Each structure stands twice: as structure tokens, then as C-alpha cells.
Amino acid sequence: METNALGNSDLLITPVGFGAWAIGGDWEFGWGAQDDAQSIAAIHRALELGVNWIDTAAVYGLGHSEEVVARALQERAGPRPYVFTKCGMIWDAQGKVDYSLRQESIRRECEASLRRLKTDVIDLYQIHWTADNLDETLEGWTTLLALQKEGKVRWIGLSNASVEEMEKLQGIGRITSLQPPYSLLRRDVETAQLPWCQKENVGVIVYSPMASGLLTGAMNRERIAALAKTDWRTRNDQFKEPKLSENLKLVERLRGCGQPARPGAR
């Protein structure tokens, strides 16, 4: 599979990576219960097909996704893929999710992720969500730069950041990558973040390019109605009316585009 450099880094990544959000299982923003054996098998299959990076986050399953990724890599021989993870979303003993980009919090998160992933260094460490308070975001970014200098993380990036935020952080230390939501249903980054990243040589790895399953062609009203109550998509407007009907119509249009042409068709 072809690879491309991720922004200004030495990471040569495949066009498609393995997103490990869903394999976290049940939690506040989870996809419902998951079978770890199936998750590990899916990771192994992706690597067999040539995928060379996995993107996860500490908060996915409250640490569980990182643990599953580590198990999958331990149980497989062969080259180790790049492993990306994120910080800034934390949780308490009851599993309630909160946000913090304070230095002490990020350092605790980093050490915990290293333990769960069973590695000495994280290939790409990303701020999951910027803070409402710019000073806190700056504190978080400064902490990531320090972790990079200490050798705990190789490269650092952001997820869900605006151009204005990236410009301020770029003045403090080099941004390797941005991870925004991007699909046919969410194209707003085309007008701001993507052009800025191209100009600044900041890599882009998008999340939910298939709109969390809506654009796969395998999602219909019956399947959506049967989603587990703990699946975050049951609370998402894109999976509810009036947007659901519009989205399913788009899927049908895409299905037509994907059909092979009939002999003699023009």
C-alpha cells in the first residue's frame, strides 16, 4: 500500500488507518458492547491488508480501547504499526467524562497511556479537544512539547481545532497533524482548516469519513432502530429525523455512483 509523510514528521502512513473508537465498548460516548476477540481480529485483518497505523484515545472505553490495541499487537508477529492516541478527556471513578489540558493531568494521562499500550513511546500524541479557555489550551500544548523533548512522544498534533487556535499554537511549537471530522455530511473544514494545513505543511488524518456508518451502505432504518441504547449514535441528530431521511437518500445516490456500468452504457 502506498504511504505518505504525515505533515512535517518522519511518519510514512497509509491512506487508511484503523480507528479504534468503537472497540472501547460501553461508556458515555461508546458504540455499545463490543467483543474484544472480534476487535482484535479486525485489527489483525487491517494490518494484513497493509494498514500501518492505529488511532485510539485514552478515553475510548475509559482506557479499554488502548488495552485492546496493545493485546492485538502483542498477539501478532510482524512489524509494529504506528500507534496514535489522544489526551485531554478524563474520567472519574463513576465513569463520568470531563476535560482537562492542565500540565499535571496530561502528564498523568501520558503515563497511563504508555502503560496501557505497553510501549515506551507514543508515535503521535494529540490534544483530543481544545479547551474553552485559551490559556488552558496553551498549557496543554506546552506540555505536549515537553513530553516530545523528553522522548515520551515522537510527534504531536491536535484534533477538533480551529485555524485561530492552530495559529496561536504553531507560534509556540510545530504542529504535526490535525484530526478533524470530515465526510460528505461534514465538509466545513474544506473552507478553513484544510487550506491552512496545506499551507503550513500540517498533516491531516480525518475521523468519521463514513459518517460513523451512515455512508457505508450497510445502515438502514431497521439497523438504526436496533442500535443499543448505550450507542452514542442514538442521540446524534444525523441518525434522527429530519436529517436521517436526507442522509439515506444521499446513500442511495452514492450506491448508484458505485455500481459498475452496464455493457454498452454511456
# chains A, B, ... in the order shown; residues from 1 in each chain; ligands from 1

$ residues_around --residues "range 4-13 of chain A" --least-positions-apart "5" --cutoff "10 Å" --atoms "only C-alpha atoms" --output "list of chain:residue names"
A:Val51, A:Asn52, A:Trp53, A:Pro81, A:Tyr82, A:Asp123, A:Leu124, A:Arg154, A:Trp155, A:Ile156, A:Arg174, A:Ile175, A:Thr176, A:Ser177, A:Leu178, A:Cys197, A:Gln198, A:Glu200, A:Asn201, A:Val202, A:Gly203, A:Val204, A:Ile205

$ closest_residue --among "A:Ser208, A:Thr119, A:Gln38, A:Ser162" --to "Val16 in chain A" --atoms "only C-alpha atoms"
A:Ser208

$ residues_around --residues "Glu109 in chain A" --least-positions-apart "5" --cutoff "9 Å" --atoms "only C-alpha atoms" --output "ChimeraX atom specification"
/A:58,86-88,90,104,114

$ residues_around --residues "Glu48 in chain A" --least-positions-apart "6" --cutoff "12 Å" --atoms "only C-alpha atoms" --output "short mmCIF file (atom, residue, chain, number, x, y, z; two decimals) with N, CA and C atoms, in the first residue's frame"
data_model
loop_
_atom_site.label_atom_id
_atom_site.label_comp_id
_atom_site.auth_asym_id
_atom_site.auth_seq_id
_atom_site.Cartn_x
_atom_site.Cartn_y
_atom_site.Cartn_z
N MET A 1 0.85 -1.20 0.00
CA MET A 1 0.00 0.00 0.00
C MET A 1 0.88 1.25 0.00
N PHE A 18 -6.59 2.43 11.05
CA PHE A 18 -7.60 1.73 11.84
C PHE A 18 -8.04 2.64 12.98
N ALA A 41 -9.36 -9.33 16.04
CA ALA A 41 -9.34 -9.93 14.70
C ALA A 41 -9.42 -8.85 13.62
N ALA A 42 -10.22 -7.82 13.87
CA ALA A 42 -10.35 -6.73 12.90
C ALA A 42 -9.03 -5.97 12.77
N ARG A 76 0.31 -10.63 17.73
CA ARG A 76 0.60 -10.71 16.30
C ARG A 76 2.09 -10.51 16.05
N ALA A 77 2.67 -11.38 15.24
CA ALA A 77 4.05 -11.20 14.82
C ALA A 77 4.08 -10.23 13.65
N GLY A 78 5.24 -9.68 13.39
CA GLY A 78 5.36 -8.77 12.25
C GLY A 78 5.67 -7.36 12.69
N PRO A 79 5.86 -6.48 11.73
CA PRO A 79 6.21 -5.09 12.04
C PRO A 79 5.11 -4.42 12.87
N ARG A 80 5.53 -3.63 13.83
CA ARG A 80 4.57 -2.91 14.67
C ARG A 80 4.07 -1.68 13.93
N PRO A 81 2.78 -1.48 13.86
CA PRO A 81 2.26 -0.26 13.22
C PRO A 81 2.50 0.96 14.11
#

$ select_by_dssp --residues "range 38-209 of chain A" --states "strand (DSSP E or B)" --output "VMD selection string"
chain A and resid 53 to 55 82 to 87 89 to 91 97 to 99 122 to 127 153 to 159 177 to 179 181 183 186 203 to 204 207

$ write_last_selection --atoms "C-alpha atoms" --output "CSV table (one decimal), in the first residue's frame"
chain,number,residue,atom,x,y,z
A,53,TRP,CA,-1.3,3.0,11.8
A,54,ILE,CA,-3.9,2.7,14.5
A,55,ASP,CA,-5.6,5.8,16.0
A,82,TYR,CA,2.4,3.3,14.3
A,83,VAL,CA,0.1,3.9,17.3
A,84,PHE,CA,-1.6,7.3,17.8
A,85,THR,CA,-3.5,8.3,20.9
A,86,LYS,CA,-5.0,11.4,22.5
A,87,CYS,CA,-5.3,13.3,25.8
A,89,MET,CA,-10.6,13.8,28.1
A,90,ILE,CA,-10.5,12.3,31.6
A,91,TRP,CA,-13.0,10.4,33.8
A,97,VAL,CA,-16.2,12.2,31.4
A,98,ASP,CA,-14.6,15.6,31.9
A,99,TYR,CA,-11.9,17.7,30.2
A,122,ILE,CA,3.7,7.2,21.5
A,123,ASP,CA,4.2,7.8,17.8
A,124,LEU,CA,1.6,10.7,17.7
A,125,TYR,CA,0.1,12.3,20.8
A,126,GLN,CA,-2.9,14.6,20.1
A,127,ILE,CA,-5.0,17.0,22.1
A,153,VAL,CA,6.0,11.0,22.4
A,154,ARG,CA,7.5,11.3,18.9
A,155,TRP,CA,5.2,13.8,17.2
A,156,ILE,CA,2.3,16.0,18.5
A,157,GLY,CA,-0.9,17.1,17.0
A,158,LEU,CA,-4.5,18.3,17.5
A,159,SER,CA,-8.0,17.1,17.0
A,177,SER,CA,-1.1,17.0,12.3
A,178,LEU,CA,-4.8,17.9,12.7
A,179,GLN,CA,-7.6,15.3,13.1
A,181,PRO,CA,-14.3,15.3,11.4
A,183,SER,CA,-17.2,13.4,5.4
A,186,ARG,CA,-19.5,17.3,7.4
A,203,GLY,CA,-0.8,16.6,8.1
A,204,VAL,CA,-4.5,15.7,8.2
A,207,TYR,CA,-12.2,10.9,11.6

$ residues_around --residues "Asp120 in chain A" --least-positions-apart "4" --cutoff "10 Å" --atoms "only C-alpha atoms" --output "list in words"
Glu111, Ser113, Leu114, Arg115, Gly151, Lys152 and Val153 of chain A

$ write_last_selection --atoms "N, CA and C atoms" --output "compact mmCIF listing (two decimals), in the first residue's frame"
# COMPACT_ATOMS: atom_id res chain seq x y z
N GLU A 111 1.41 8.93 30.99
CA GLU A 111 1.99 7.76 31.65
C GLU A 111 1.01 6.59 31.63
N SER A 113 -1.37 6.04 29.40
CA SER A 113 -1.47 5.53 28.03
C SER A 113 -0.25 4.67 27.68
N LEU A 114 0.92 5.10 28.09
CA LEU A 114 2.13 4.30 27.84
C LEU A 114 2.01 2.93 28.49
N ARG A 115 1.47 2.89 29.72
CA ARG A 115 1.30 1.60 30.40
C ARG A 115 0.28 0.73 29.68
N GLY A 151 11.13 12.56 25.02
CA GLY A 151 11.15 11.29 24.31
C GLY A 151 9.99 10.37 24.62
N LYS A 152 8.98 10.86 25.32
CA LYS A 152 7.81 10.03 25.63
C LYS A 152 6.85 9.96 24.44
N VAL A 153 6.85 11.00 23.62
CA VAL A 153 6.05 11.01 22.39
C VAL A 153 6.94 11.48 21.26

$ select_by_dssp --residues "range 12-223 of chain A" --states "alpha helix (DSSP H)" --output "MDAnalysis selection string"
chainID A and resid 36:48 64:74 103:117 134:149 163:170 193:200 221:223

$ residues_around --residues "Arg221 in chain A" --least-positions-apart "6" --cutoff "12 Å" --atoms "only C-alpha atoms" --output "list in words"
Leu214, Leu227, Thr234, Phe239, Lys240, Glu241, Leu244, Ser245, Asn247, Leu248 and Lys249 of chain A

$ write_last_selection --atoms "N, CA, C and O atoms" --output "PDB file, in the first residue's frame"
ATOM      1  N   LEU A 214     -23.063   5.811   8.595  1.00  0.00           N
ATOM      2  CA  LEU A 214     -24.196   6.234   7.774  1.00  0.00           C
ATOM      3  C   LEU A 214     -23.926   6.091   6.282  1.00  0.00           C
ATOM      4  O   LEU A 214     -24.835   5.782   5.505  1.00  0.00           O
ATOM      5  N   LEU A 227     -30.071  -0.174  17.235  1.00  0.00           N
ATOM      6  CA  LEU A 227     -28.838   0.175  17.929  1.00  0.00           C
ATOM      7  C   LEU A 227     -29.040   0.105  19.435  1.00  0.00           C
ATOM      8  O   LEU A 227     -30.109   0.440  19.955  1.00  0.00           O
ATOM      9  N   THR A 234     -27.532   6.905  18.830  1.00  0.00           N
ATOM     10  CA  THR A 234     -28.971   7.050  19.084  1.00  0.00           C
ATOM     11  C   THR A 234     -29.310   8.457  19.559  1.00  0.00           C
ATOM     12  O   THR A 234     -30.467   8.863  19.521  1.00  0.00           O
ATOM     13  N   PHE A 239     -28.643  10.726  12.855  1.00  0.00           N
ATOM     14  CA  PHE A 239     -29.318   9.428  12.860  1.00  0.00           C
ATOM     15  C   PHE A 239     -30.801   9.556  13.211  1.00  0.00           C
ATOM     16  O   PHE A 239     -31.469   8.552  13.425  1.00  0.00           O
ATOM     17  N   LYS A 240     -31.285  10.798  13.275  1.00  0.00           N
ATOM     18  CA  LYS A 240     -32.683  11.048  13.611  1.00  0.00           C
ATOM     19  C   LYS A 240     -33.305  11.960  12.555  1.00  0.00           C
ATOM     20  O   LYS A 240     -32.614  12.662  11.823  1.00  0.00           O
ATOM     21  N   GLU A 241     -34.634  11.921  12.501  1.00  0.00           N
ATOM     22  CA  GLU A 241     -35.330  12.798  11.559  1.00  0.00           C
ATOM     23  C   GLU A 241     -35.251  14.254  12.008  1.00  0.00           C
ATOM     24  O   GLU A 241     -35.176  14.521  13.209  1.00  0.00           O
ATOM     25  N   LEU A 244     -32.117  12.133   9.031  1.00  0.00           N
ATOM     26  CA  LEU A 244     -31.909  10.734   8.662  1.00  0.00           C
ATOM     27  C   LEU A 244     -32.397  10.458   7.237  1.00  0.00           C
ATOM     28  O   LEU A 244     -31.702   9.814   6.444  1.00  0.00           O
ATOM     29  N   SER A 245     -33.589  10.923   6.900  1.00  0.00           N
ATOM     30  CA  SER A 245     -34.121  10.679   5.556  1.00  0.00           C
ATOM     31  C   SER A 245     -33.222  11.295   4.488  1.00  0.00           C
ATOM     32  O   SER A 245     -32.959  10.683   3.444  1.00  0.00           O
ATOM     33  N   ASN A 247     -30.023  11.836   4.726  1.00  0.00           N
ATOM     34  CA  ASN A 247     -28.769  11.087   4.684  1.00  0.00           C
ATOM     35  C   ASN A 247     -28.933   9.761   3.943  1.00  0.00           C
ATOM     36  O   ASN A 247     -28.056   9.358   3.176  1.00  0.00           O
ATOM     37  N   LEU A 248     -30.050   9.091   4.171  1.00  0.00           N
ATOM     38  CA  LEU A 248     -30.277   7.814   3.485  1.00  0.00           C
ATOM     39  C   LEU A 248     -30.492   8.020   1.986  1.00  0.00           C
ATOM     40  O   LEU A 248     -30.112   7.168   1.174  1.00  0.00           O
ATOM     41  N   LYS A 249     -31.088   9.159   1.611  1.00  0.00           N
ATOM     42  CA  LYS A 249     -31.226   9.468   0.183  1.00  0.00           C
ATOM     43  C   LYS A 249     -29.843   9.665  -0.448  1.00  0.00           C
ATOM     44  O   LYS A 249     -29.590   9.235  -1.583  1.00  0.00           O
TER      45      LYS A 249
END

$ atom_distance --atom1 "CA of Lys168 in chain A" --atom2 "CA of Tyr60 in chain A"
28.0 Å

$ closest_residue --among "A:Ala161, A:Ile43, A:Cys110, A:Ala33" --to "Thr130 in chain A" --atoms "only C-alpha atoms"
A:Ala161

$ residues_around --residues "range 22-28 of chain A" --least-positions-apart "2" --cutoff "8 Å" --atoms "only C-alpha atoms" --output "PyMOL selection string"
chain A and resi 19-20+30-36+39+60-66+68+95-97+230-232

$ write_last_selection --atoms "N, CA and C atoms" --output "mmCIF file, in the first residue's frame"
data_model
loop_
_atom_site.group_PDB
_atom_site.id
_atom_site.type_symbol
_atom_site.label_atom_id
_atom_site.label_comp_id
_atom_site.auth_asym_id
_atom_site.auth_seq_id
_atom_site.Cartn_x
_atom_site.Cartn_y
_atom_site.Cartn_z
ATOM 1 N N GLY A 19 -9.305 3.061 12.947
ATOM 2 C CA GLY A 19 -9.858 3.896 14.009
ATOM 3 C C GLY A 19 -10.415 3.038 15.128
ATOM 4 N N ALA A 20 -9.950 3.276 16.350
ATOM 5 C CA ALA A 20 -10.263 2.386 17.478
ATOM 6 C C ALA A 20 -11.265 2.968 18.465
ATOM 7 N N GLY A 30 -19.801 5.763 23.923
ATOM 8 C CA GLY A 30 -19.457 4.498 23.297
ATOM 9 C C GLY A 30 -20.444 4.069 22.225
ATOM 10 N N TRP A 31 -20.114 2.941 21.589
ATOM 11 C CA TRP A 31 -20.910 2.395 20.497
ATOM 12 C C TRP A 31 -21.665 1.147 20.938
ATOM 13 N N GLY A 32 -21.821 0.965 22.220
ATOM 14 C CA GLY A 32 -22.445 -0.245 22.730
ATOM 15 C C GLY A 32 -21.396 -1.314 23.010
ATOM 16 N N ALA A 33 -21.825 -2.422 23.585
ATOM 17 C CA ALA A 33 -20.916 -3.504 23.948
ATOM 18 C C ALA A 33 -20.189 -4.044 22.720
ATOM 19 N N GLN A 34 -18.929 -4.399 22.904
ATOM 20 C CA GLN A 34 -18.108 -4.930 21.817
ATOM 21 C C GLN A 34 -17.479 -6.256 22.241
ATOM 22 N N ASP A 35 -17.167 -7.096 21.272
ATOM 23 C CA ASP A 35 -16.479 -8.363 21.504
ATOM 24 C C ASP A 35 -14.991 -8.127 21.271
ATOM 25 N N ASP A 36 -14.187 -8.216 22.331
ATOM 26 C CA ASP A 36 -12.769 -7.923 22.198
ATOM 27 C C ASP A 36 -12.074 -8.843 21.192
ATOM 28 N N SER A 39 -12.699 -7.471 17.869
ATOM 29 C CA SER A 39 -11.929 -6.234 17.693
ATOM 30 C C SER A 39 -10.481 -6.553 17.351
ATOM 31 N N TYR A 60 -11.447 6.382 25.016
ATOM 32 C CA TYR A 60 -12.283 5.387 24.338
ATOM 33 C C TYR A 60 -12.440 4.154 25.232
ATOM 34 N N GLY A 61 -13.645 3.990 25.774
ATOM 35 C CA GLY A 61 -13.874 2.887 26.690
ATOM 36 C C GLY A 61 -13.190 3.086 28.026
ATOM 37 N N LEU A 62 -12.809 4.336 28.326
ATOM 38 C CA LEU A 62 -12.127 4.666 29.587
ATOM 39 C C LEU A 62 -10.874 3.813 29.746
ATOM 40 N N GLY A 63 -10.060 3.812 28.716
ATOM 41 C CA GLY A 63 -8.805 3.069 28.711
ATOM 42 C C GLY A 63 -8.873 1.736 28.004
ATOM 43 N N HIS A 64 -10.071 1.220 27.790
ATOM 44 C CA HIS A 64 -10.199 -0.143 27.266
ATOM 45 C C HIS A 64 -9.704 -0.252 25.820
ATOM 46 N N SER A 65 -9.963 0.738 24.993
ATOM 47 C CA SER A 65 -9.523 0.679 23.608
ATOM 48 C C SER A 65 -8.003 0.548 23.530
ATOM 49 N N GLU A 66 -7.286 1.341 24.315
ATOM 50 C CA GLU A 66 -5.824 1.244 24.312
ATOM 51 C C GLU A 66 -5.373 -0.152 24.736
ATOM 52 N N VAL A 68 -7.017 -2.982 24.355
ATOM 53 C CA VAL A 68 -7.313 -3.927 23.274
ATOM 54 C C VAL A 68 -6.281 -3.787 22.159
ATOM 55 N N GLY A 95 -17.024 6.894 36.031
ATOM 56 C CA GLY A 95 -17.008 6.879 34.576
ATOM 57 C C GLY A 95 -17.511 8.151 33.935
ATOM 58 N N LYS A 96 -17.711 9.204 34.731
ATOM 59 C CA LYS A 96 -18.165 10.475 34.188
ATOM 60 C C LYS A 96 -17.010 11.189 33.508
ATOM 61 N N VAL A 97 -17.224 11.584 32.247
ATOM 62 C CA VAL A 97 -16.158 12.188 31.447
ATOM 63 C C VAL A 97 -16.075 13.686 31.683
ATOM 64 N N THR A 230 -27.048 2.247 24.604
ATOM 65 C CA THR A 230 -25.790 2.853 25.023
ATOM 66 C C THR A 230 -24.947 3.336 23.852
ATOM 67 N N ASP A 231 -25.426 3.165 22.630
ATOM 68 C CA ASP A 231 -24.710 3.618 21.440
ATOM 69 C C ASP A 231 -24.941 5.120 21.270
ATOM 70 N N TRP A 232 -23.854 5.901 21.242
ATOM 71 C CA TRP A 232 -23.984 7.357 21.173
ATOM 72 C C TRP A 232 -24.746 7.820 19.935
#
